[in-house]
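Okay, input.cif is below, mmCIF, C-alpha atoms:
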```
data_final
#
loop_
_atom_site.label_atom_id
_atom_site.label_comp_id
_atom_site.auth_asym_id
_atom_site.auth_seq_id
_atom_site.Cartn_x
_atom_site.Cartn_y
_atom_site.Cartn_z
CA MET Y 19 109.31 131.11 75.34
CA ALA Y 20 106.85 131.96 78.13
CA GLU Y 21 108.25 132.10 81.63
CA LYS Y 22 107.03 129.37 84.00
CA GLN Y 23 104.51 130.54 86.59
CA TYR Y 24 105.50 127.79 89.04
CA SER Y 25 108.66 126.37 90.53
CA LEU Y 26 109.89 122.84 89.98
CA ILE Y 27 109.55 122.19 93.72
CA GLU Y 28 105.94 123.40 93.63
CA SER Y 29 105.26 121.07 90.69
CA MET Y 30 106.89 118.09 92.42
CA LEU Y 31 105.10 118.73 95.73
CA PHE Y 32 101.72 118.96 93.98
CA SER Y 33 102.36 115.76 92.02
CA GLN Y 34 103.52 113.86 95.09
CA ARG Y 35 100.66 115.10 97.26
CA MET Y 36 98.19 113.99 94.58
CA ALA Y 37 99.96 110.64 94.26
CA GLN Y 38 99.95 109.97 98.01
CA LEU Y 39 96.37 111.15 98.54
CA SER Y 40 95.13 109.23 95.48
CA LYS Y 41 96.86 106.06 96.62
CA ALA Y 42 95.42 106.36 100.13
CA LEU Y 43 91.93 107.04 98.79
CA TRP Y 44 92.16 104.26 96.21
CA LYS Y 45 93.23 101.70 98.84
CA SER Y 46 90.14 102.51 100.87
CA ILE Y 47 87.85 102.66 97.82
CA GLU Y 48 89.23 99.36 96.51
CA LYS Y 49 88.60 97.59 99.82
CA ASP Y 50 85.04 98.96 100.09
CA TRP Y 51 84.28 98.10 96.44
CA GLN Y 52 85.63 94.55 96.79
CA ASN Y 53 83.64 93.97 99.97
CA TRP Y 54 80.45 95.23 98.26
CA ILE Y 55 80.70 92.92 95.23
CA LYS Y 56 82.51 89.91 96.74
CA PRO Y 57 79.32 87.98 97.63
CA TYR Y 58 78.44 88.07 93.91
CA ASP Y 59 81.74 86.53 92.81
CA LEU Y 60 82.74 89.65 90.88
CA ASN Y 61 85.94 91.62 90.84
CA ILE Y 62 86.19 95.40 90.42
CA ASN Y 63 86.85 95.26 86.67
CA GLU Y 64 83.86 92.99 86.11
CA HIS Y 65 81.55 95.19 88.17
CA HIS Y 66 82.83 98.28 86.40
CA ILE Y 67 82.15 96.65 83.01
CA LEU Y 68 78.59 95.76 84.09
CA SER Y 69 78.08 99.34 85.24
CA ILE Y 70 79.40 100.86 82.00
CA ALA Y 71 77.33 98.50 79.87
CA TYR Y 72 74.25 99.35 81.94
CA HIS Y 73 74.67 103.13 81.84
CA LEU Y 74 75.57 103.23 78.15
CA ASN Y 75 72.88 100.68 77.29
CA GLY Y 76 75.58 98.59 75.65
CA ALA Y 77 79.11 99.66 74.80
CA SER Y 78 82.04 98.79 72.62
CA ILE Y 79 85.06 97.13 74.17
CA SER Y 80 86.92 100.36 73.32
CA ASP Y 81 84.34 102.40 75.27
CA ILE Y 82 84.71 100.07 78.23
CA ALA Y 83 88.50 100.32 78.11
CA GLN Y 84 88.38 104.12 77.85
CA PHE Y 85 85.82 104.77 80.54
CA GLY Y 86 86.91 101.87 82.74
CA VAL Y 87 90.49 103.18 82.57
CA MET Y 88 91.79 99.76 81.60
CA HIS Y 89 93.70 98.26 78.69
CA VAL Y 90 91.58 97.00 75.79
CA SER Y 91 92.74 93.43 76.41
CA THR Y 92 91.69 93.71 80.07
CA ALA Y 93 88.26 95.01 79.05
CA PHE Y 94 87.89 92.19 76.52
CA ASN Y 95 89.10 89.40 78.82
CA PHE Y 96 86.89 90.40 81.76
CA SER Y 97 83.95 90.91 79.40
CA LYS Y 98 84.48 87.36 78.12
CA ARG Y 99 84.35 86.08 81.70
CA LEU Y 100 81.06 87.92 82.18
CA GLU Y 101 79.76 86.46 78.93
CA GLY Y 102 80.66 83.00 80.25
CA ARG Y 103 78.44 83.69 83.27
CA ASN Y 104 75.61 84.81 80.96
CA LEU Y 105 75.81 88.39 82.27
CA LEU Y 106 76.92 89.98 78.97
CA GLN Y 107 76.39 89.19 75.34
CA PHE Y 108 78.82 90.07 72.55
CA SER Y 109 77.84 91.37 69.13
CA LYS Y 110 79.11 93.11 66.03
CA LYS Y 111 77.24 95.87 64.26
CA GLU Y 112 76.49 95.45 60.60
CA CYS Y 113 77.92 98.91 59.90
CA ASP Y 114 80.96 98.40 62.15
CA LYS Y 115 82.54 94.94 61.95
CA ARG Y 116 85.84 96.12 63.48
CA ASN Y 117 84.49 96.79 66.97
CA THR Y 118 83.06 94.30 69.42
CA TYR Y 119 80.06 95.42 71.42
CA VAL Y 120 78.66 94.12 74.69
CA LYS Y 121 75.22 94.45 76.17
CA LEU Y 122 73.87 93.24 79.49
CA THR Y 123 71.74 90.14 79.38
CA GLU Y 124 68.59 90.13 81.48
CA GLU Y 125 70.54 88.20 84.12
CA GLY Y 126 73.34 90.79 83.96
CA GLU Y 127 70.91 93.68 84.38
CA ASN Y 128 69.21 91.94 87.29
CA LEU Y 129 72.58 91.39 88.97
CA PHE Y 130 73.58 95.03 88.44
CA LEU Y 131 70.26 96.24 89.91
CA GLU Y 132 70.60 93.87 92.86
CA LEU Y 133 74.07 95.27 93.57
CA MET Y 134 72.58 98.78 93.60
CA GLU Y 135 70.00 97.59 96.15
CA VAL Y 136 72.52 96.03 98.53
CA TYR Y 137 74.81 99.09 98.70
CA GLU Y 138 75.21 100.18 102.34
CA ALA Y 139 76.58 103.65 103.09
CA GLU Y 140 77.77 102.63 106.55
CA ASN Y 141 80.17 100.13 104.92
CA ASN Y 142 81.75 102.78 102.70
CA SER Y 143 84.79 104.42 104.31
CA ILE Y 144 85.03 107.27 101.74
CA TYR Y 145 81.44 108.23 102.48
CA GLN Y 146 82.05 107.88 106.22
CA GLY Y 147 85.23 109.96 105.91
CA ALA Y 148 83.36 112.76 104.11
CA LEU Y 149 80.32 112.67 106.40
CA PRO Y 150 81.80 115.04 109.02
CA LEU Y 151 82.32 117.65 106.27
CA ARG Y 152 78.74 117.17 105.09
CA ASN Y 153 77.50 117.53 108.66
CA LEU Y 154 79.57 120.68 109.17
CA TYR Y 155 78.92 122.42 105.82
CA GLY Y 156 75.63 120.83 104.79
CA LYS Y 157 77.08 119.26 101.64
CA PHE Y 158 79.74 116.86 100.47
CA PRO Y 159 83.09 118.19 99.20
CA GLU Y 160 82.92 119.61 95.68
CA MET Y 161 84.48 117.52 92.90
CA ILE Y 162 84.81 120.31 90.34
CA GLU Y 163 88.57 120.82 90.64
CA LEU Y 164 89.34 117.10 90.63
CA MET Y 165 86.99 116.63 87.66
CA SER Y 166 88.82 119.41 85.84
CA ILE Y 167 92.14 117.61 86.33
CA VAL Y 168 90.64 114.33 85.08
CA ARG Y 169 89.08 116.15 82.09
CA ASN Y 170 92.50 117.56 81.19
CA ILE Y 171 94.06 114.09 81.37
CA TYR Y 172 91.35 111.88 79.80
CA GLY Y 173 89.39 114.33 77.66
CA GLU Y 174 85.85 115.49 77.14
CA ASP Y 175 84.51 112.10 75.92
CA PHE Y 176 85.53 110.51 79.22
CA MET Y 177 83.76 113.22 81.19
CA GLU Y 178 80.59 112.94 79.08
CA ILE Y 179 80.34 109.22 79.86
CA PHE Y 180 81.19 109.96 83.51
CA GLU Y 181 78.39 112.53 83.77
CA LYS Y 182 75.91 110.34 81.86
CA SER Y 183 76.36 107.43 84.24
CA PHE Y 184 75.80 109.59 87.31
CA HIS Y 185 72.87 111.38 85.67
CA ASN Y 186 71.33 107.93 85.03
CA ILE Y 187 71.67 107.04 88.71
CA GLU Y 188 70.14 110.36 89.80
CA THR Y 189 67.16 110.08 87.44
CA ASN Y 190 66.54 106.32 87.23
CA PHE Y 191 67.00 105.25 90.85
CA SER Y 192 65.48 106.22 94.17
CA GLU Y 193 65.76 105.19 97.78
CA VAL Y 194 62.96 102.90 98.93
CA ASP Y 195 62.94 101.36 102.39
CA GLY Y 196 66.66 102.02 102.85
CA LYS Y 197 67.62 100.42 99.51
CA ILE Y 198 68.54 101.87 96.12
CA LYS Y 199 65.94 100.73 93.60
CA LYS Y 200 65.43 101.34 89.91
CA VAL Y 201 62.47 103.60 89.25
CA GLU Y 202 59.96 101.72 87.15
CA ILE Y 203 58.81 103.91 84.30
CA GLU Y 204 55.51 102.80 82.85
CA LYS Y 205 55.82 102.10 79.15
CA ALA Y 206 53.18 103.53 76.84
CA ILE Y 207 51.26 100.86 74.96
#
```

Take the structure I supplied and represent it as structure tokens, if you would.
Amino acid sequence: MAEKQYSLIESMLFSQRMAQLSKALWKSIEKDWQNWIKPYDLNINEHHILSIAYHLNGASISDIAQFGVMHVSTAFNFSKRLEGRNLLQFSKKECDKRNTYVKLTEEGENLFLELMEVYEAENNSIYQGALPLRNLYGKFPEMIELMSIVRNIYGEDFMEIFEKSFHNIETNFSEVDGKIKKVEIEKAI
């Protein structure tokens, strides 16, 4: 058996530091997120489902549960609520009757895009908390080590969806007049 390269105290201290820091960050993130979407009568799970469905151009309930880090029943129940508001539509694929799929309706896509437009950086405490580091070093803190931990916990599929959604934002949205707007790509006739 290989000898441990760390002490039990070191392991416990790392785990507890991560737990405390994560909880503190999440509390702030949760408050900011709720304040952002509250005027639209959405909760965090519902907004997250809309976002996943948008970035994946439709998704299975299993995909939503996996990437949304929620139980399958939670993903299904909140998706049903969104369907009831005509923001999502459910379907089955002919080749895959076991899985339920959701796709944004036009109204759901419009709501998602409107939420992107009304985002305000000054109302985001995580952004505000990181701004002094950006001002000092010229960039925001790197996420690579944290992403590596998440990759080791949730796997490569999770990280692929994670990266795809942020790539979509970087390539399909721009800042116009102080708002985040979808870039309109002219369709070839």

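Picked by the PyMOL selection byres ((chain Y and resi 110) around 12) from the coordinates shown: Gly76, Ala77, Ser78, Ile79, Gln107, Phe108, Ser109, Lys111, Glu112, Cys113, Asp114, Lys115, Arg116, Asn117, Thr118, Tyr119, Val120 and Lys121 of chain Y.
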
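Going from CA of Ser143 (chain Y) to CA of Met36 (chain Y) covers 19.1 Å.
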
Worksheet item: Any idea what's packed within 9 Å of Ile70 (chain Y), counting all atoms listed in the file, ignoring anything in its chain fewer than 2 positions away? Could you give it as JSON, numbers by chain?
Response: {"Y": [65, 66, 67, 68, 72, 73, 74, 75, 76, 77, 81, 82, 85, 86, 179, 183]}

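Straight-line separation from CA of Gly196 (chain Y) to CA of Asn61 (chain Y): 25.0 Å.
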
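Proximity to Met88 (chain Y) was assessed for Y:Val136, Y:Leu151, Y:Ile62, Y:Ile187 counting all atoms listed in the file; the smallest distance is recorded for Y:Ile62.
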
Report as AutoDock Vina command-line options the centre and the edge lengths, in Å to one decimal, of the axis-aligned box holding every listed atom of region 124-137 of chain Y, padded by 4 Å on each side.
```
--center_x 71.7 --center_y 93.6 --center_z 90.1 --size_x 14.2 --size_y 18.9 --size_z 25.2
```

Worksheet item: If you apply the PyMOL selection byres ((chain Y and resi 127) around 10) to this file, what residues do you get, as number ranges by chain?
Response: Y: 68-69, 71-72, 105-106, 121-126, 128-133

What does the file look like for those residues with C-alpha atoms, as a PDB file, in the frame of the given file?
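As written to disk, selection04.pdb reads:
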```pdb
ATOM      1  CA  LEU Y  68      78.590  95.760  84.090  1.00  0.00           C
ATOM      2  CA  SER Y  69      78.080  99.340  85.240  1.00  0.00           C
ATOM      3  CA  ALA Y  71      77.330  98.500  79.870  1.00  0.00           C
ATOM      4  CA  TYR Y  72      74.250  99.350  81.940  1.00  0.00           C
ATOM      5  CA  LEU Y 105      75.810  88.390  82.270  1.00  0.00           C
ATOM      6  CA  LEU Y 106      76.920  89.980  78.970  1.00  0.00           C
ATOM      7  CA  LYS Y 121      75.220  94.450  76.170  1.00  0.00           C
ATOM      8  CA  LEU Y 122      73.870  93.240  79.490  1.00  0.00           C
ATOM      9  CA  THR Y 123      71.740  90.140  79.380  1.00  0.00           C
ATOM     10  CA  GLU Y 124      68.590  90.130  81.480  1.00  0.00           C
ATOM     11  CA  GLU Y 125      70.540  88.200  84.120  1.00  0.00           C
ATOM     12  CA  GLY Y 126      73.340  90.790  83.960  1.00  0.00           C
ATOM     13  CA  ASN Y 128      69.210  91.940  87.290  1.00  0.00           C
ATOM     14  CA  LEU Y 129      72.580  91.390  88.970  1.00  0.00           C
ATOM     15  CA  PHE Y 130      73.580  95.030  88.440  1.00  0.00           C
ATOM     16  CA  LEU Y 131      70.260  96.240  89.910  1.00  0.00           C
ATOM     17  CA  GLU Y 132      70.600  93.870  92.860  1.00  0.00           C
ATOM     18  CA  LEU Y 133      74.070  95.270  93.570  1.00  0.00           C
TER      19      LEU Y 133
END
```

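One finds CA of Ile47 (chain Y) at 6.7 Å from CA of Ile144 (chain Y).
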
Practice prompt. Excluding Val201 (chain Y) and residues on its chain fewer than 2 positions from it, collect all residues at most 8 Å away from it, counting only C-alpha atoms, and give them as JSON, numbers by chain.
Written response: {"Y": [190, 191, 192, 199, 203]}

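You can rank Y:Glu188, Y:Gln146, Y:Phe176, Y:Lys45 by their closest distance to Ala83 (chain Y) using all atoms listed in the file, and at the top of that list sits Y:Phe176.
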
Worksheet item: So what does the PyMOL selection byres ((chain Y and resi 155-169) around 12) actually pick up in this one, as JSON, numbers by chain?
Response: {"Y": [33, 36, 40, 85, 87, 144, 145, 146, 147, 148, 149, 150, 151, 152, 153, 154, 170, 171, 172, 173, 174, 175, 176, 177, 178, 179, 180, 181]}
